[in-house]
Amino acid sequence: AAWSVDAFTRSYTDPETYRALRNSVLLSAVVTVCATAIGVYLAFLVSRTTTPLRRLVTPAMVLVVALPALFYAIGWGMLGNPRIGPLNTIWQDLTGSAGPLLDINSWPGLALVGILKSSAFAYILLLGPFLAMDRSLEEAARMAGASRLRTYWSVNLPLLAPAVSGVLILSFVIGLEYFEVPLLLGTPADLTVFSTQIYGLIN
């Protein structure tokens with residue numbers, strides 16, 4: 001053995017490295033934006049509206065966050081299996097369609113599972129700032145004649161900008177570290193990210 005930079009040369013000249021980088025960034029960006037939007041929406045519904053069953057949202061989100069990512073990915077892998085998954089077989093029985101409703105081993109399936117997992121994380125982080133927000137500012141905007149939508153865009157979002165931007169950054173970094181979901185759902189469709197590529201090289 002001898003000291004060498006050959007490993008670095010092979011890594012940085014291998015097209016698979018940049019393919020994994022592109023996949024990691026793309027998956028993380030899509031999941032981050034969609035999950036944060038869902039988290040903001042659910043936090044708003046729970047803290048600012050009288051939507052029925054809103055009290056069940058927080059326990060459900062806590063359950064999703066507490067569920068280990070490995071079992072979460074295995075569950076979705078069985079549920080959305082394109083051939084024998086209950087989600088697709090029920091859809092085919094009801095509609096008579098020959099094709100599956102959702103192929104979980106694909107980019108849309110991978111993104112969907114990541115979004116559902118990350119939106120619970122975003123919701124829990126955003127619920128506190130929503131509840132702590134001063135409602136007198138909203139009432140002042142409403143008294144000044146602003147619509148509910150304009151109040152949301154001109155008062156609520158600027159106040160929540162630090163919390164939302166923090167969730168975006170944290171979710172994006174966590175998205176780059178995804179392992180269990182891409183490994184179990186992405187590998188059958190030849191979708192590799194950095195974590196699964198490293199795992200494959202080690203094996």
# chains A, B, ... in the order shown; residues from 1 in each chain; ligands from 1
$ residues_around --residues "segment 130-140 of chain A" --least-positions-apart "2" --cutoff "12 Å" --atoms "only C-alpha atoms" --output "JSON list (two decimals) with N, CA and C atoms, in the first residue's frame"
[["chain", "number", "residue", "atom", "x", "y", "z"],
["A", 39, "GLY", "N", -46.75, 21.49, 6.17],
["A", 39, "GLY", "CA", -46.60, 21.79, 7.59],
["A", 39, "GLY", "C", -47.18, 23.14, 7.95],
["A", 40, "VAL", "N", -46.93, 24.15, 7.12],
["A", 40, "VAL", "CA", -47.48, 25.49, 7.35],
["A", 40, "VAL", "C", -49.00, 25.45, 7.30],
["A", 41, "TYR", "N", -49.53, 24.76, 6.30],
["A", 41, "TYR", "CA", -50.99, 24.67, 6.13],
["A", 41, "TYR", "C", -51.64, 23.99, 7.34],
["A", 42, "LEU", "N", -51.09, 22.85, 7.76],
["A", 42, "LEU", "CA", -51.68, 22.13, 8.89],
["A", 42, "LEU", "C", -51.55, 22.92, 10.19],
["A", 43, "ALA", "N", -50.40, 23.57, 10.39],
["A", 43, "ALA", "CA", -50.22, 24.38, 11.59],
["A", 43, "ALA", "C", -51.21, 25.54, 11.62],
["A", 44, "PHE", "N", -51.45, 26.12, 10.46],
["A", 44, "PHE", "CA", -52.44, 27.20, 10.37],
["A", 44, "PHE", "C", -53.84, 26.69, 10.69],
["A", 45, "LEU", "N", -54.21, 25.53, 10.14],
["A", 45, "LEU", "CA", -55.54, 24.97, 10.40],
["A", 45, "LEU", "C", -55.74, 24.68, 11.89],
["A", 46, "VAL", "N", -54.72, 24.11, 12.52],
["A", 46, "VAL", "CA", -54.84, 23.72, 13.92],
["A", 46, "VAL", "C", -54.88, 24.93, 14.84],
["A", 47, "SER", "N", -54.05, 25.94, 14.55],
["A", 47, "SER", "CA", -53.91, 27.07, 15.47],
["A", 47, "SER", "C", -54.84, 28.24, 15.18],
["A", 48, "ARG", "N", -55.36, 28.33, 13.96],
["A", 48, "ARG", "CA", -56.11, 29.53, 13.58],
["A", 48, "ARG", "C", -57.53, 29.28, 13.09],
["A", 49, "THR", "N", -57.95, 28.03, 13.04],
["A", 49, "THR", "CA", -59.30, 27.74, 12.54],
["A", 49, "THR", "C", -60.02, 26.82, 13.51],
["A", 123, "TYR", "N", -44.44, 20.29, 10.61],
["A", 123, "TYR", "CA", -45.62, 20.71, 11.38],
["A", 123, "TYR", "C", -45.28, 20.90, 12.86],
["A", 124, "ILE", "N", -44.57, 19.94, 13.42],
["A", 124, "ILE", "CA", -44.25, 20.02, 14.85],
["A", 124, "ILE", "C", -43.36, 21.22, 15.15],
["A", 125, "LEU", "N", -42.43, 21.53, 14.26],
["A", 125, "LEU", "CA", -41.55, 22.68, 14.47],
["A", 125, "LEU", "C", -42.28, 24.01, 14.27],
["A", 126, "LEU", "N", -43.32, 24.02, 13.43],
["A", 126, "LEU", "CA", -44.02, 25.28, 13.12],
["A", 126, "LEU", "C", -45.22, 25.54, 14.01],
["A", 127, "LEU", "N", -45.72, 24.52, 14.68],
["A", 127, "LEU", "CA", -46.92, 24.71, 15.50],
["A", 127, "LEU", "C", -46.66, 25.70, 16.63],
["A", 128, "GLY", "N", -45.50, 25.63, 17.28],
["A", 128, "GLY", "CA", -45.17, 26.55, 18.36],
["A", 128, "GLY", "C", -45.17, 28.01, 17.91],
["A", 142, "ARG", "N", -57.39, 43.03, 9.91],
["A", 142, "ARG", "CA", -58.78, 42.80, 9.52],
["A", 142, "ARG", "C", -59.62, 44.06, 9.72],
["A", 143, "MET", "N", -59.37, 44.79, 10.81],
["A", 143, "MET", "CA", -60.10, 46.03, 11.08],
["A", 143, "MET", "C", -59.75, 47.10, 10.04],
["A", 144, "ALA", "N", -58.55, 47.04, 9.50],
["A", 144, "ALA", "CA", -58.12, 48.01, 8.48],
["A", 144, "ALA", "C", -58.69, 47.67, 7.11],
["A", 145, "GLY", "N", -59.41, 46.56, 7.01],
["A", 145, "GLY", "CA", -60.06, 46.22, 5.76],
["A", 145, "GLY", "C", -59.34, 45.16, 4.94],
["A", 146, "ALA", "N", -58.27, 44.60, 5.46],
["A", 146, "ALA", "CA", -57.55, 43.56, 4.71],
["A", 146, "ALA", "C", -58.36, 42.26, 4.71],
["A", 147, "SER", "N", -58.33, 41.58, 3.59],
["A", 147, "SER", "CA", -59.01, 40.28, 3.52],
["A", 147, "SER", "C", -58.23, 39.24, 4.31],
["A", 148, "ARG", "N", -58.86, 38.10, 4.50],
["A", 148, "ARG", "CA", -58.19, 37.03, 5.25],
["A", 148, "ARG", "C", -56.92, 36.57, 4.53],
["A", 149, "LEU", "N", -57.00, 36.48, 3.20],
["A", 149, "LEU", "CA", -55.83, 36.05, 2.43],
["A", 149, "LEU", "C", -54.72, 37.10, 2.48],
["A", 150, "ARG", "N", -55.08, 38.38, 2.36],
["A", 150, "ARG", "CA", -54.07, 39.43, 2.41],
["A", 150, "ARG", "C", -53.44, 39.52, 3.80],
["A", 151, "THR", "N", -54.25, 39.30, 4.82],
["A", 151, "THR", "CA", -53.71, 39.28, 6.19],
["A", 151, "THR", "C", -52.69, 38.17, 6.35],
["A", 152, "TYR", "N", -53.00, 37.01, 5.76],
["A", 152, "TYR", "CA", -52.08, 35.87, 5.86],
["A", 152, "TYR", "C", -50.74, 36.19, 5.18],
["A", 153, "TRP", "N", -50.80, 36.80, 3.97],
["A", 153, "TRP", "CA", -49.58, 37.08, 3.22],
["A", 153, "TRP", "C", -48.81, 38.27, 3.77],
["A", 154, "SER", "N", -49.50, 39.27, 4.30],
["A", 154, "SER", "CA", -48.81, 40.49, 4.74],
["A", 154, "SER", "C", -48.49, 40.52, 6.22],
["A", 155, "VAL", "N", -49.15, 39.70, 7.02],
["A", 155, "VAL", "CA", -48.91, 39.72, 8.48],
["A", 155, "VAL", "C", -48.34, 38.39, 8.96],
["A", 156, "ASN", "N", -49.06, 37.30, 8.67],
["A", 156, "ASN", "CA", -48.66, 36.01, 9.22],
["A", 156, "ASN", "C", -47.32, 35.52, 8.67],
["A", 157, "LEU", "N", -47.19, 35.49, 7.35],
["A", 157, "LEU", "CA", -45.96, 34.96, 6.76],
["A", 157, "LEU", "C", -44.71, 35.77, 7.11],
["A", 158, "PRO", "N", -44.75, 37.12, 7.09],
["A", 158, "PRO", "CA", -43.55, 37.85, 7.52],
["A", 158, "PRO", "C", -43.16, 37.55, 8.97],
["A", 159, "LEU", "N", -44.17, 37.40, 9.84],
["A", 159, "LEU", "CA", -43.86, 37.08, 11.23],
["A", 159, "LEU", "C", -43.26, 35.68, 11.36],
["A", 160, "LEU", "N", -43.70, 34.78, 10.50],
["A", 160, "LEU", "CA", -43.23, 33.39, 10.57],
["A", 160, "LEU", "C", -42.02, 33.12, 9.70],
["A", 161, "ALA", "N", -41.54, 34.15, 8.99],
["A", 161, "ALA", "CA", -40.43, 33.94, 8.05],
["A", 161, "ALA", "C", -39.20, 33.30, 8.70],
["A", 162, "PRO", "N", -38.77, 33.76, 9.91],
["A", 162, "PRO", "CA", -37.60, 33.10, 10.52],
["A", 162, "PRO", "C", -37.84, 31.61, 10.81],
["A", 163, "ALA", "N", -39.03, 31.30, 11.34],
["A", 163, "ALA", "CA", -39.32, 29.89, 11.66],
["A", 163, "ALA", "C", -39.42, 29.05, 10.39],
["A", 164, "VAL", "N", -40.09, 29.58, 9.37],
["A", 164, "VAL", "CA", -40.26, 28.83, 8.13],
["A", 164, "VAL", "C", -38.92, 28.64, 7.43]]
$ closest_atom_pairs --of "segment 141-172 of chain A" --to "segment 17-37 of chain A" --cutoff "8 Å" --atoms "only C-alpha atoms" --output "JSON lines"
{"residue": "A:Val164", "atom": "CA", "partner": "A:Thr36", "partner_atom": "CA", "distance": 7.5}
{"residue": "A:Val167", "atom": "CA", "partner": "A:Thr36", "partner_atom": "CA", "distance": 7.1}
{"residue": "A:Leu168", "atom": "CA", "partner": "A:Thr32", "partner_atom": "CA", "distance": 6.1}
{"residue": "A:Ser171", "atom": "CA", "partner": "A:Thr32", "partner_atom": "CA", "distance": 5.5}
{"residue": "A:Phe172", "atom": "CA", "partner": "A:Ser28", "partner_atom": "CA", "distance": 5.5}
$ atom_distance --atom1 "atom CA of Leu79 of chain A" --atom2 "atom CA of Gly99 of chain A"
15.4 Å
$ atom_distance --atom1 "atom CA of Ala120 of chain A" --atom2 "atom CA of Gly166 of chain A"
15.2 Å
$ select_by_dssp --residues "segment 3-168 of chain A" --states "alpha helix (DSSP H)" --output "number ranges by chain"
A: 6-13, 15-48, 57-66, 69-79, 86-95, 107-132, 135-143, 148-151, 157-168
$ residues_around --residues "Ser195 of chain A" --least-positions-apart "3" --cutoff "9 Å" --atoms "only C-alpha atoms" --output "list in words"
Ala20, Ser24, Leu176, Glu177, Tyr178, Phe179, Pro182, Leu183, Thr192, Ile198, Tyr199 and Gly200 of chain A
$ write_last_selection --atoms "N, CA and C atoms" --output "CSV table (one decimal), in the first residue's frame"
chain,number,residue,atom,x,y,z
A,20,ALA,N,-25.7,10.7,-8.4
A,20,ALA,CA,-26.1,10.6,-7.0
A,20,ALA,C,-26.3,12.0,-6.4
A,24,SER,N,-29.8,13.4,-5.0
A,24,SER,CA,-29.9,13.8,-3.6
A,24,SER,C,-30.5,15.2,-3.5
A,176,LEU,N,-30.9,15.6,2.5
A,176,LEU,CA,-29.7,15.1,1.9
A,176,LEU,C,-29.1,13.8,2.6
A,177,GLU,N,-29.6,13.6,3.8
A,177,GLU,CA,-29.1,12.4,4.6
A,177,GLU,C,-30.1,11.2,4.5
A,178,TYR,N,-31.1,11.3,3.7
A,178,TYR,CA,-32.1,10.2,3.6
A,178,TYR,C,-31.4,8.9,3.2
A,179,PHE,N,-31.8,7.9,3.9
A,179,PHE,CA,-31.1,6.6,3.7
A,179,PHE,C,-32.2,5.5,3.5
A,182,PRO,N,-34.9,5.9,0.5
A,182,PRO,CA,-34.3,5.7,-0.9
A,182,PRO,C,-33.7,4.2,-1.0
A,183,LEU,N,-33.2,3.6,0.1
A,183,LEU,CA,-32.7,2.3,0.0
A,183,LEU,C,-33.7,1.3,-0.4
A,192,THR,N,-30.5,6.1,-7.1
A,192,THR,CA,-29.5,6.2,-6.1
A,192,THR,C,-29.3,7.6,-5.6
A,198,ILE,N,-23.0,5.2,-1.2
A,198,ILE,CA,-22.0,4.8,-0.3
A,198,ILE,C,-22.2,3.5,0.3
A,199,TYR,N,-23.5,3.2,0.7
A,199,TYR,CA,-23.9,1.9,1.2
A,199,TYR,C,-23.5,0.8,0.2
A,200,GLY,N,-23.9,1.0,-1.0
A,200,GLY,CA,-23.6,0.0,-2.1
A,200,GLY,C,-22.1,-0.2,-2.3
$ atom_distance --atom1 "atom CA of Leu116 of chain A" --atom2 "atom CA of Val65 of chain A"
10.0 Å
